[in-house]
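Colleague: Pasting a structure here, questions to come.
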Amino acid sequence: MKGPARSHQAGSRQTLAQALVAVIAASASFAWALSITPAPVSRQMSTPEAMLVRALLDIRDSKFSSAFDHIDSLLLSNPNFRLAQLVKGDLLLSRTRPINSIGNASGGSAEQVAGLRDEARVRLVRSQIEPSTDLAPRYLLQLPKKEKLALVLDSTKSTLFVFENTGKTPRYVADYYVTIGKNGLEKFREGDKKTPVGVYHVVSRLPKDKLTDFYGSGAYPISYPNEWDQMRGRNGHGIWLHGTPRDTYSRPPRASDGCIVLTNQDLETLAARLQIGSTPIVIADSIDWAKPDEVESLRSDLASSIENWRRDWESRNTEAYLRHYAKNFESNGQNLAQWSAQKHQVNAGKNWIKVRVSDVSLLLYPGKGDMAVATFEQDYTSSNLANRMMKRQYWIRENNKWRIVFEGAA
Amino acid sequence: MSRIPLLALGAALLLVSQMQAGFAANSYEDASKLFKQGSYAEALEKIETVITANPRDARARFLKGLILTEQNKPADAIKVFSALTEDYPELPEPYNNLAVLYASQGQYDKARKSLEMAIRTHPSYAIAHENLGDVYAKMASEAYDKALQLDRSNAAAQTKLAMIKDLFTGSVVPGKGSPDTTAVAAATLPSATEKPATPAAKPTPSATKADTDAVLAAVNGWAKAWSNKDANAYLAYYAPNFQVPGGEARANWEATRRDRIVRPKLIEVSVGSPKVSFDANGRAVVKFRQGYKSDALNTSGAKTLILVKDSDRWQIVQERMN
């Protein structure tokens, strides 16, 4: 088969390469798409994702047989990697007829194919993630010593970042591809198929044998709806970190009912390090990365607000103490007026108060940067009462001052 | 690589096989006849004696593979064709048939590799290209099903891959014929030269321009019926005594053709620079460049059609890809 047939094949392959570039370009500038290079050395190169990305980049560079080899060996170890199957199908089909897009499968729904195309785009975007040593998410202001790690989810990159608590700037450990809610972020109602935005923590562990295959290697419910969500009237429940069914390596970027889905492999790796009941997870639209000194100035600002609150409480100067509370403060059904009345009454009967605060966790809320969650151990002693508890406060910036908008037991 | 040792080897083989040619050829023809009649057990018995006498007889071993295939013993047939590809890596047909057997077992990756080998040795091997197109499409659809979690195992359409029924039939021309192929072919296949069917038509002393036009009209009509995916019209261009490639039963051949014509969404067959000549028997020999384009395949190759005039119609009695 000389001439025509060969050139026809080359032609159809070329269109596949163009289709790939189009997929990449759908979310970013064309020039950027063409400049994609394989993942930085600092990230694992032998992961299924790295192999997939290498195949996609080979397609872009018209190295089809190398692309096919990558896909084939990837599928050998991960036959349930659906996107890889789709790309394999395209590579094969392009040998028989010209194709113009990624995913030429007949049958199945348009939504399924669109989901896998999305995954291709996200996987490529993820291949560009280069964890910085001098930037960290702005949210992780302070972690107590007992906290080993913190999770931060970047939904635009479909990526869950894992940071290790070093006592200073958190250190990047790993990042995982994740699936979030079909309808994106800002969960509000039960059944809206959205993932919440906010500061949460992992509350429990549901072992594999208590779950159906759908959740894969396990599930880790998080604390949605948190106190702030409840104040805002947000409802729904059952936002979990969980795995994938046995026959599915990964799911498209937006496919869950609001849960955060990892591959079983990644979930197992992560699970080994999770601290149930404490590991924080910050879910953001897009991570706000900041320099350590910016984070430090925020942290010290907030920490001194907490220190002032503690001191004013000890002083039994109830007016000074109450100045730390925001106008729309709430605590377990009490508003600011009721809270104030109660504090006046209680403090009046005391000769002395001692408050010790330790193991402080300070997490900035994703969004405008005007809210933060403080969680700490509070050791309260007074002339007529002593109590030790884990406390949580939501601080907001009101007239450029940090004030407490919620306070309660953690 | 020097060709001299290969040619010498070929000559030696030729000598050996000539010594046995008489006996072997007869027995081979018998086995082949039995095979065509569907008497597979007898055909197998016969061909085994040929192979025992001359274990290197590629054509006999090839026929054994075909017999085993018809007997629905794919594992045994695979062994036979597989050994042929090892002993005669330059022959494309065993690769093709091996691929068909692998494909029938759903082993598409092995089928693909076999066909790619066939094409590597014979880039113009049309059937292998067509089969490879089928295998790629099948593999693609398998991958897509996995991608989309579709379970089509129940509805799995068997691929219709063409099994080559004979080495060196009219429909299969092993490409440019490397010297070693020729040597082996000559050595092991002494009786494989093609014998044209005895013509039924009377000789016409001189062909008129009208005849030439009528022949071309028939060829163009045939290509058009094919392009229109009108299987009935297409098959009507074949004479009742059409020499079915590979000695296959006419009904089987028609079924395969129908499938090949109906299945693609789109077919475009073109007849490029046709040359019409008439042989001594008054048969029209049309040589042209056949372009074939479908949603699955795009090829072109030299084709020869031999047509015979029956009452007023020119009909095809032989068809070959060159």
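Chain identifiers are assigned as A, B, and so on, following the order in which chains appear in the structure tokens; residues are numbered from 1 within each chain, and ligands are numbered from 1 in order of appearance.
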Using only C-alpha atoms, which chain A residues lie at most 9 Å away from chain B, written as a ChimeraX atom specification?
Modeller: /A:1-6,8-9,79-98,103-109,112-113,116,247-248
Colleague: Could you name the residues that touch Asp359 in chain A at 10 Å or less, counting only C-alpha atoms, but leaving out those on the same chain fewer than 5 positions away, as JSON, numbers by chain?
Modeller: {"A": [142, 143, 144, 145, 146, 147, 375, 376, 377, 378, 390]}
Colleague: Using the chain letters and numbers from this document, which residues of range 223-339 of chain A does DSSP assign to alpha helix (DSSP H), as an MDAnalysis selection string?
Modeller: chainID A and resid 227:231 264:271 292:314 318:322 336:339
Colleague: Go through B:Val308, B:Ser277, B:Ser114, B:Arg263 one by one, measure the shortest atom-to-atom distance of each to Glu86 in chain B using only C-alpha atoms, and give the residue with the smallest value.
Modeller: B:Ser114
Colleague: Can you list, as a list in words, every protein, DNA or RNA residue that comes within 7 Å of Tyr325 in chain A when you count only C-alpha atoms, leaving out same-chain residues fewer than 6 positions away?
Modeller: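 Once the nearby chain positions are removed, what remains is Arg403, Ile404 and Val405 of chain A.
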Colleague: Could you save the residues just selected, with N, CA and C atoms, as a PDB file, in the first residue's frame?
Modeller:
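Output file result23.pdb is given in full below:
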ATOM      1  N   ARG A 403     -12.948  39.644  64.705  1.00  0.00           N
ATOM      2  CA  ARG A 403     -13.942  39.459  65.753  1.00  0.00           C
ATOM      3  C   ARG A 403     -14.571  38.068  65.628  1.00  0.00           C
ATOM      4  N   ILE A 404     -15.074  37.589  66.753  1.00  0.00           N
ATOM      5  CA  ILE A 404     -15.614  36.225  66.787  1.00  0.00           C
ATOM      6  C   ILE A 404     -17.060  36.229  66.318  1.00  0.00           C
ATOM      7  N   VAL A 405     -17.357  35.387  65.342  1.00  0.00           N
ATOM      8  CA  VAL A 405     -18.722  35.338  64.816  1.00  0.00           C
ATOM      9  C   VAL A 405     -19.432  34.059  65.264  1.00  0.00           C
TER      10      VAL A 405
END
Colleague: Rounded to one decimal place, report the CA of Thr166 in chain A-CA of Thr195 in chain A distance in Å.
Modeller: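 Atom-to-atom, CA of Thr166 in chain A to CA of Thr195 in chain A, that is 28.9 Å.
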Colleague: Skipping near chain neighbours, those fewer than 3 positions away, what residues fall within 9 Å of Ile283 in chain A using only C-alpha atoms, listed as a PyMOL selection string?
Modeller: chain A and resi 151-155+160+195-200+286-287+365-366
Colleague: Residues near Trp313 in chain A, anyone? I mean within 10 Å using only C-alpha atoms, not counting same-chain ones fewer than 5 positions away, as a short mmCIF file (atom, residue, chain, number, x, y, z; two decimals) with C-alpha atoms, in the first residue's frame.
Modeller:
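Okay, out.cif is ready:
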data_model
loop_
_atom_site.label_atom_id
_atom_site.label_comp_id
_atom_site.auth_asym_id
_atom_site.auth_seq_id
_atom_site.Cartn_x
_atom_site.Cartn_y
_atom_site.Cartn_z
CA GLU A 307 -4.46 36.38 72.93
CA ASN A 308 -6.25 39.69 73.57
CA THR A 318 -16.77 41.94 80.51
CA GLU A 319 -17.20 44.96 78.22
CA ALA A 320 -13.63 44.62 76.95
CA TYR A 321 -14.13 40.90 76.54
CA LEU A 322 -17.39 41.37 74.60
CA HIS A 324 -14.10 40.68 70.60
CA LYS A 343 -21.45 36.66 80.33
CA ASN A 347 -18.49 36.97 85.33
CA ILE A 353 -10.63 33.61 85.99
CA LYS A 354 -7.69 31.82 84.40
CA VAL A 355 -7.77 30.79 80.74
#
Colleague: Which distance in Å separates CA of Ile306 in chain A and CA of Val282 in chain A, to one decimal?
Modeller: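 Separation between CA of Ile306 in chain A and CA of Val282 in chain A: 21.2 Å.
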Colleague: Need the shell around Asn328 in chain A: protein/DNA/RNA residues with any atom at most 12 Å away, counting only C-alpha atoms. Skip same-chain ones fewer than 2 positions apart. Format as a VMD selection string?
Modeller: chain A and resid 231 to 232 324 to 326 330 to 331 333 to 339 394 to 396 398 403 to 407
Colleague: Go ahead and save the residues from that selection, with C-alpha atoms, as a PDB file, in the first residue's frame.
Modeller:
ATOM      1  CA  MET A 231     -25.469  29.334  60.425  1.00  0.00           C
ATOM      2  CA  ARG A 232     -25.885  29.966  56.709  1.00  0.00           C
ATOM      3  CA  HIS A 324     -14.099  40.684  70.603  1.00  0.00           C
ATOM      4  CA  TYR A 325     -17.491  39.484  69.384  1.00  0.00           C
ATOM      5  CA  ALA A 326     -19.040  40.394  66.024  1.00  0.00           C
ATOM      6  CA  GLU A 330     -24.081  33.278  67.276  1.00  0.00           C
ATOM      7  CA  SER A 331     -23.441  30.430  69.616  1.00  0.00           C
ATOM      8  CA  GLY A 333     -28.850  29.533  69.314  1.00  0.00           C
ATOM      9  CA  GLN A 334     -27.686  32.530  71.376  1.00  0.00           C
ATOM     10  CA  ASN A 335     -27.226  35.888  69.652  1.00  0.00           C
ATOM     11  CA  LEU A 336     -24.831  38.595  70.805  1.00  0.00           C
ATOM     12  CA  ALA A 337     -27.332  40.215  73.221  1.00  0.00           C
ATOM     13  CA  GLN A 338     -28.147  36.931  74.926  1.00  0.00           C
ATOM     14  CA  TRP A 339     -24.495  35.964  75.039  1.00  0.00           C
ATOM     15  CA  TYR A 394     -14.910  31.488  63.632  1.00  0.00           C
ATOM     16  CA  TRP A 395     -13.261  34.877  63.383  1.00  0.00           C
ATOM     17  CA  ILE A 396     -14.267  37.454  60.791  1.00  0.00           C
ATOM     18  CA  GLU A 398     -15.050  43.487  60.880  1.00  0.00           C
ATOM     19  CA  ARG A 403     -13.942  39.459  65.753  1.00  0.00           C
ATOM     20  CA  ILE A 404     -15.614  36.225  66.787  1.00  0.00           C
ATOM     21  CA  VAL A 405     -18.722  35.338  64.816  1.00  0.00           C
ATOM     22  CA  PHE A 406     -19.182  31.845  66.231  1.00  0.00           C
ATOM     23  CA  GLU A 407     -17.933  30.080  69.310  1.00  0.00           C
TER      24      GLU A 407
END
Colleague: Excluding range 300-303 of chain A and residues on its chain fewer than 6 positions from it, collect all residues at most 9 Å away from it, counting only C-alpha atoms, and give them as a list of chain:residue names.
Modeller: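 Contacts, in chain order: A:Leu141, A:Val360, A:Leu362, A:Ala372, A:Trp395, A:Trp402.
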Colleague: Print the selection's residues with N, CA and C atoms to a file, as a compact mmCIF listing (two decimals), in the first residue's frame.
Modeller:
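In the end it all went to part.txt:
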# COMPACT_ATOMS: atom_id res chain seq x y z
N LEU A 141 -2.48 28.69 58.34
CA LEU A 141 -1.78 29.71 59.13
C LEU A 141 -0.98 29.08 60.25
N VAL A 360 -3.12 25.37 69.30
CA VAL A 360 -3.97 26.21 68.45
C VAL A 360 -3.80 25.87 66.96
N LEU A 362 -4.95 27.38 63.33
CA LEU A 362 -5.52 28.56 62.70
C LEU A 362 -5.60 28.33 61.20
N ALA A 372 -11.60 33.21 59.48
CA ALA A 372 -10.65 32.17 59.85
C ALA A 372 -11.27 31.29 60.93
N TRP A 395 -13.59 33.45 63.29
CA TRP A 395 -13.26 34.88 63.38
C TRP A 395 -13.50 35.54 62.03
N TRP A 402 -10.27 41.63 63.76
CA TRP A 402 -10.76 40.25 63.85
C TRP A 402 -11.75 40.15 65.00
